[in-house]
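S.K.: Input file: coords_24.txt. Contents: compact mmCIF, C-alpha atoms.
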# COMPACT_ATOMS: atom_id res chain seq x y z
CA LEU A 250 0.00 0.00 0.00
CA ILE A 251 2.80 2.41 0.88
CA ALA A 252 4.66 1.45 -2.29
CA ILE A 253 1.64 2.08 -4.53
CA PHE A 254 1.02 5.41 -2.80
CA LEU A 255 4.61 6.43 -3.64
CA MET A 256 4.13 5.34 -7.25
CA GLY A 257 0.89 7.32 -7.53
CA LEU A 258 2.57 10.38 -6.01
CA ALA A 259 5.42 10.09 -8.49
CA PHE A 260 3.05 9.66 -11.42
CA ASN A 261 0.81 12.68 -10.75
CA SER A 262 2.76 15.14 -8.62
CA PHE A 263 6.18 14.83 -10.26
CA PHE A 264 5.86 13.29 -13.73
CA TYR A 265 2.46 13.98 -15.26
CA ALA A 266 2.31 17.50 -13.82
CA ASN A 267 5.49 18.35 -15.74
CA ASN A 268 4.84 16.35 -18.95
CA ILE A 269 7.43 13.74 -18.01
CA ALA A 270 6.40 10.18 -18.80
CA PRO A 271 7.25 7.49 -16.26
CA GLY A 272 8.25 4.08 -17.54
CA GLY A 273 5.98 1.09 -17.94
CA PHE A 274 2.33 0.92 -18.86
CA GLY A 275 1.55 3.94 -16.67
CA GLY A 276 3.84 6.12 -18.74
CA LEU A 277 2.56 4.56 -21.95
CA ALA A 278 -1.02 5.38 -20.94
CA ALA A 279 -0.12 8.97 -20.03
CA VAL A 280 1.71 9.62 -23.30
CA ILE A 281 -1.02 8.08 -25.48
CA SER A 282 -3.68 10.09 -23.63
CA ASP A 283 -1.85 13.37 -24.21
CA LEU A 284 -0.92 12.43 -27.78
CA PHE A 285 -4.58 12.06 -28.74
CA ASN A 286 -5.86 15.02 -26.73
CA VAL A 287 -3.10 17.64 -26.59
CA LYS A 288 -1.08 16.93 -29.70
CA LEU A 289 -3.63 15.67 -32.21
CA HIS A 290 -6.69 17.43 -30.72
CA TRP A 291 -8.86 14.36 -31.34
CA PHE A 292 -10.43 13.16 -28.11
CA TYR A 293 -9.51 12.62 -24.46
CA ILE A 294 -9.01 9.18 -22.96
CA SER A 295 -8.11 9.14 -19.28
CA PRO A 296 -4.70 7.60 -18.51
CA THR A 297 -6.45 5.53 -15.85
CA ILE A 298 -8.82 3.95 -18.39
CA LEU A 299 -5.97 3.24 -20.81
CA TYR A 300 -3.88 1.72 -18.04
CA LEU A 301 -6.71 -0.59 -16.99
CA ILE A 302 -7.38 -1.64 -20.59
CA MET A 303 -3.70 -2.45 -21.16
CA ASN A 304 -3.56 -4.64 -18.06
CA ALA A 305 -6.99 -6.28 -18.44
CA VAL A 306 -5.77 -8.91 -20.87
CA LEU A 307 -2.47 -9.50 -19.06
CA ILE A 308 -4.03 -10.21 -15.68
CA PHE A 309 -5.96 -13.25 -16.95
CA PHE A 310 -2.84 -14.69 -18.57
CA ALA A 311 -1.07 -14.10 -15.25
CA LEU A 312 -3.62 -16.32 -13.48
CA LYS A 313 -2.80 -19.21 -15.79
CA SER A 314 0.95 -18.81 -16.03
CA LEU A 315 2.10 -17.22 -12.75
CA GLY A 316 -0.23 -18.66 -10.13
CA THR A 317 -3.18 -17.61 -7.98
CA LYS A 318 -1.19 -15.68 -5.36
CA TYR A 319 0.62 -13.56 -7.92
CA PHE A 320 -2.72 -13.00 -9.73
CA PHE A 321 -4.49 -11.60 -6.67
CA TYR A 322 -1.51 -9.52 -5.56
CA SER A 323 -1.19 -8.09 -9.06
CA LEU A 324 -4.92 -7.46 -9.43
CA THR A 325 -4.86 -5.56 -6.14
CA GLY A 326 -1.80 -3.60 -7.25
CA ILE A 327 -3.30 -2.69 -10.62
CA LEU A 328 -6.61 -1.51 -9.13
CA LEU A 329 -4.97 0.50 -6.33
CA TYR A 330 -2.44 2.09 -8.68
CA SER A 331 -5.29 3.02 -11.03
CA LEU A 332 -7.13 4.70 -8.14
CA CYS A 333 -3.95 6.60 -7.24
CA ILE A 334 -3.51 7.76 -10.84
CA GLU A 335 -7.10 8.97 -10.93
CA PHE A 336 -7.53 10.55 -7.50
CA LEU A 337 -4.14 11.09 -5.81
CA LYS A 338 -3.45 14.53 -7.23
CA ILE A 339 -1.38 16.46 -4.72
CA ASP A 340 -0.01 19.72 -6.09
CA LEU A 341 3.54 20.05 -4.77
CA HIS A 342 4.19 23.17 -6.89
CA ILE A 343 7.34 21.61 -8.36
CA THR A 344 7.91 23.05 -11.82
CA ASP A 345 11.65 22.46 -12.14
CA MET A 346 12.00 19.60 -14.64
CA PHE A 347 15.23 18.29 -13.12
CA LEU A 348 13.85 18.13 -9.58
CA ALA A 349 10.61 16.58 -10.82
CA SER A 350 12.42 13.86 -12.79
CA VAL A 351 14.87 13.01 -9.97
CA PHE A 352 12.47 12.89 -7.03
CA GLY A 353 9.71 11.37 -9.13
CA ALA A 354 12.14 8.63 -10.19
CA VAL A 355 13.15 8.00 -6.57
CA CYS A 356 9.51 7.61 -5.47
CA MET A 357 8.68 5.44 -8.46
CA GLY A 358 11.78 3.27 -8.04
CA VAL A 359 11.28 2.69 -4.31
CA GLY A 360 7.59 1.95 -4.87
CA THR A 361 8.21 -0.49 -7.71
CA GLY A 362 10.95 -2.28 -5.78
CA LEU A 363 8.77 -2.73 -2.70
CA VAL A 364 5.86 -4.06 -4.76
CA VAL A 365 8.06 -6.65 -6.50
CA ARG A 366 9.69 -7.65 -3.20
CA GLY A 367 6.22 -8.18 -1.77
CA GLY A 368 5.50 -10.74 -4.47
CA GLY A 369 3.08 -8.59 -6.43
CA SER A 370 2.99 -6.30 -9.41
CA THR A 371 1.22 -3.23 -10.72
CA GLY A 372 1.07 -4.80 -14.17
CA GLY A 373 2.86 -3.40 -17.17
CA GLY A 374 6.18 -4.46 -18.62
CA GLU A 375 7.27 -6.63 -15.71
CA MET A 376 4.08 -8.73 -15.78
CA LEU A 377 4.15 -8.94 -19.58
CA GLY A 378 7.77 -10.07 -19.41
CA LYS A 379 7.02 -12.80 -16.86
CA ILE A 380 4.08 -14.09 -18.92
CA LEU A 381 6.09 -14.16 -22.16
CA ASN A 382 9.01 -15.80 -20.36
CA TYR A 383 6.62 -18.50 -19.12
CA TYR A 384 5.80 -19.43 -22.70
CA ASN A 385 9.28 -18.77 -24.14
CA ASN A 386 12.40 -18.89 -21.97
CA ASP A 387 14.36 -16.94 -24.58
CA ILE A 388 12.31 -13.83 -23.77
CA THR A 389 13.58 -12.18 -20.59
CA VAL A 390 11.72 -9.82 -18.28
CA GLY A 391 14.43 -7.19 -18.68
CA THR A 392 14.16 -7.23 -22.47
CA VAL A 393 10.40 -6.67 -22.36
CA ILE A 394 10.76 -3.79 -19.88
CA ILE A 395 13.34 -2.14 -22.16
CA ILE A 396 10.99 -2.47 -25.16
CA VAL A 397 8.07 -0.94 -23.24
CA ASP A 398 10.21 1.93 -21.92
CA ALA A 399 11.64 2.55 -25.40
CA SER A 400 8.09 2.85 -26.72
CA VAL A 401 7.31 5.37 -23.98
CA SER A 402 10.36 7.42 -24.96
CA VAL A 403 9.48 7.48 -28.67
CA LEU A 404 5.89 8.54 -28.00
CA SER A 405 7.13 11.08 -25.45
CA LEU A 406 9.28 12.66 -28.16
CA ALA A 407 6.30 12.90 -30.49
CA THR A 408 4.03 14.31 -27.78
CA TYR A 409 6.13 16.55 -25.55
CA GLY A 410 9.22 17.35 -27.62
CA LEU A 411 12.91 16.58 -27.28
CA THR A 412 13.58 18.23 -23.90
CA ASN A 413 10.79 16.39 -22.11
CA CYS A 414 11.79 13.17 -23.88
CA LEU A 415 15.32 13.47 -22.51
CA TYR A 416 13.96 14.04 -18.99
CA THR A 417 11.75 10.98 -19.51
CA LEU A 418 14.79 8.85 -20.41
CA PHE A 419 16.66 10.24 -17.40
CA ALA A 420 13.75 9.49 -15.05
CA ILE A 421 13.30 5.96 -16.41
CA PHE A 422 17.01 5.25 -15.93
CA ILE A 423 17.10 6.58 -12.35
CA ALA A 424 13.87 4.76 -11.40
CA GLY A 425 15.30 1.49 -12.75
CA LYS A 426 18.49 1.88 -10.71
CA ILE A 427 16.53 2.68 -7.54
CA THR A 428 14.33 -0.38 -8.13
CA ASP A 429 17.46 -2.53 -8.45
CA LEU A 430 18.83 -1.16 -5.18
CA VAL A 431 15.58 -1.88 -3.34
CA LEU A 432 15.43 -5.42 -4.73
CA GLU A 433 19.01 -6.58 -4.49
CA GLY A 434 21.22 -3.84 -3.13
CA ALA A 435 24.18 -3.35 -5.43
CA LYS A 436 23.96 -6.87 -6.83
CA GLY A 437 22.05 -7.59 -10.03
CA THR A 438 22.66 -11.34 -10.39
CA LYS A 439 22.87 -14.18 -7.89
CA ALA A 440 24.70 -17.47 -8.36
CA TYR A 441 23.33 -20.42 -6.40
CA TYR A 442 25.53 -23.47 -5.80
CA ILE A 443 23.29 -26.31 -4.64
CA ILE A 444 24.84 -29.48 -3.20
CA SER A 445 22.33 -32.23 -2.50
CA ASP A 446 21.76 -35.94 -3.06
CA LYS A 447 18.35 -34.93 -4.48
CA TYR A 448 19.88 -32.85 -7.25
CA GLU A 449 17.64 -34.42 -9.90
CA GLN A 450 14.43 -33.33 -8.13
CA ILE A 451 15.85 -29.87 -7.48
CA ALA A 452 16.93 -29.50 -11.11
CA ASP A 453 13.43 -30.52 -12.20
CA ALA A 454 11.91 -27.85 -9.93
CA ILE A 455 14.27 -25.19 -11.28
CA LEU A 456 13.29 -26.07 -14.85
CA ASN A 457 9.54 -26.43 -14.34
CA LYS A 458 8.77 -23.98 -11.51
CA LEU A 459 11.34 -21.22 -11.94
CA TYR A 460 11.61 -21.76 -15.72
CA ARG A 461 15.37 -21.39 -15.56
CA GLY A 462 18.26 -23.59 -16.57
CA ALA A 463 21.01 -24.98 -14.39
CA THR A 464 24.42 -26.58 -14.85
CA LEU A 465 25.27 -29.94 -13.30
CA ILE A 466 28.85 -30.05 -12.00
CA SER A 467 30.61 -33.18 -10.77
CA GLY A 468 32.75 -32.79 -7.66
CA LYS A 469 34.37 -34.62 -4.76
CA GLY A 470 34.30 -33.85 -1.05
CA VAL A 471 37.75 -32.88 0.21
CA TYR A 472 37.25 -34.59 3.58
CA SER A 473 34.90 -37.46 2.70
CA LYS A 474 36.45 -38.16 -0.72
CA GLN A 475 32.92 -38.97 -1.90
CA GLU A 476 31.66 -38.03 -5.34
CA LYS A 477 29.08 -35.24 -5.24
CA ASN A 478 26.92 -33.55 -7.86
CA MET A 479 26.42 -29.81 -7.62
CA LEU A 480 23.91 -27.58 -9.41
CA LEU A 481 24.87 -24.08 -10.52
CA CYS A 482 21.95 -21.75 -11.19
CA LEU A 483 22.18 -18.06 -12.16
CA LEU A 484 19.17 -15.83 -11.52
CA ASN A 485 18.50 -12.18 -12.23
CA LYS A 486 17.08 -9.76 -9.70
CA TYR A 487 13.48 -10.46 -10.67
CA GLU A 488 13.86 -14.22 -10.19
CA ALA A 489 16.14 -14.40 -7.15
CA ARG A 490 13.32 -13.94 -4.64
CA ASN A 491 11.40 -16.97 -5.93
What is this structure when it is put down as structure tokens?

M.R.:
Amino acid sequence: LIAIFLMGLAFNSFFYANNIAPGGFGGLAAVISDLFNVKLHWFYISPTILYLIMNAVLIFFALKSLGTKYFFYSLTGILLYSLCIEFLKIDLHITDMFLASVFGAVCMGVGTGLVVRGGGSTGGGEMLGKILNYYNNDITVGTVIIIVDASVSVLSLATYGLTNCLYTLFAIFIAGKITDLVLEGAKGTKAYYIISDKYEQIADAILNKLYRGATLISGKGVYSKQEKNMLLCLLNKYEARN
């Protein structure tokens, strides 16, 4: 709840108030809304409505691929974040673009990191990445997030101009780094060395529950002189918690 409040504060009070697009589906919704209304003078679609539409399809795929617990946590996160986008509009009177991008990114990064650490999601690129990775291990969560944020940046350039686009890129970068720090400190990747007589069952769980690979290494105990098999598994920051 605290994390989503921080994300909503960042979205409205720092980013959207200064035409800076945050990353993810929230930023995508904000940019598309302003592109239609402000730039093209066609019609107005609320960022909240667009955000809900974008996540509506994903959430049902999440139930099938990522489990019931993740589904309910994510559904709660999406609905609460949508309410924050719509109603949490605190005017902090911050008009300096640099300050808005930095402190907005800090709030967004801390909020996103806490949500992910809690086992949930507010939808968007991270959820899309996990779903796609479930069906195809070659597609990583990080790659999908980069693609979504790149789309936000391109649309931001078309909607707000070059200066705001550069602040958007800066804010997305800072928010990503803060999220990493909240999740894993300074470390981005963990290496797990697993020594067990039940290495076959553990390897099967890694493959079929974490959807990751592992390397089987043959070894020998220095004291016991007994042959041992060891599993080596590398996980990124999004997978290490599981």

S.K.: Given the choices A:Tyr293, A:Tyr383, A:Tyr265, A:Phe321, which gets closest to Thr344 of chain A if the distance is worked out from only C-alpha atoms?

M.R.: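 Among the listed residues, A:Tyr265 lies closest to Thr344 of chain A.
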
S.K.: What is the distance between atom CA of Phe336 of chain A and atom CA of Val355 of chain A, in Å to one decimal?

M.R.: 20.9 Å

S.K.: Near Leu406 of chain A, counting only C-alpha atoms, which residues have an atom at most 12 Å away, once you skip same-chain residues fewer than 2 positions from it, shown as a ChimeraX atom specification?

M.R.: /A:268-270,280-281,283-284,288,399-404,408-418

S.K.: Go through A:Gly368, A:Gly378, A:Gly272, A:Gly391 one by one, measure the shortest atom-to-atom distance of each to Phe320 of chain A using only C-alpha atoms, and give the residue with the smallest value.

M.R.: A:Gly368

S.K.: Between A:Leu337, A:Leu328, A:Leu381, A:Ile443, single out the one closest to Asn261 of chain A, counting only C-alpha atoms.

M.R.: A:Leu337

S.K.: Tell me, in Å to one decimal, how far atom CA of Arg461 of chain A is from atom CA of Asn478 of chain A.

M.R.: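 Computing it gives 18.5 Å between the two atoms.
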
S.K.: As an exercise, work out the distance from atom CA of Ala489 of chain A to atom CA of Ala259 of chain A in Å and give it to one decimal place.

M.R.: 26.8 Å

S.K.: If we draw a sphere of 8 Å around (5.5, 12.0, -8.9), which residues have at least one atom in it when counting all atoms listed in the file? Please report them as a list in words.

M.R.: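 The requested residues, written out, are Leu255, Met256, Gly257, Leu258, Ala259, Phe260, Asn261, Ser262, Phe263, Phe264, Tyr265, Ala349, Phe352, Gly353, Ala354, Cys356 and Met357 of chain A.
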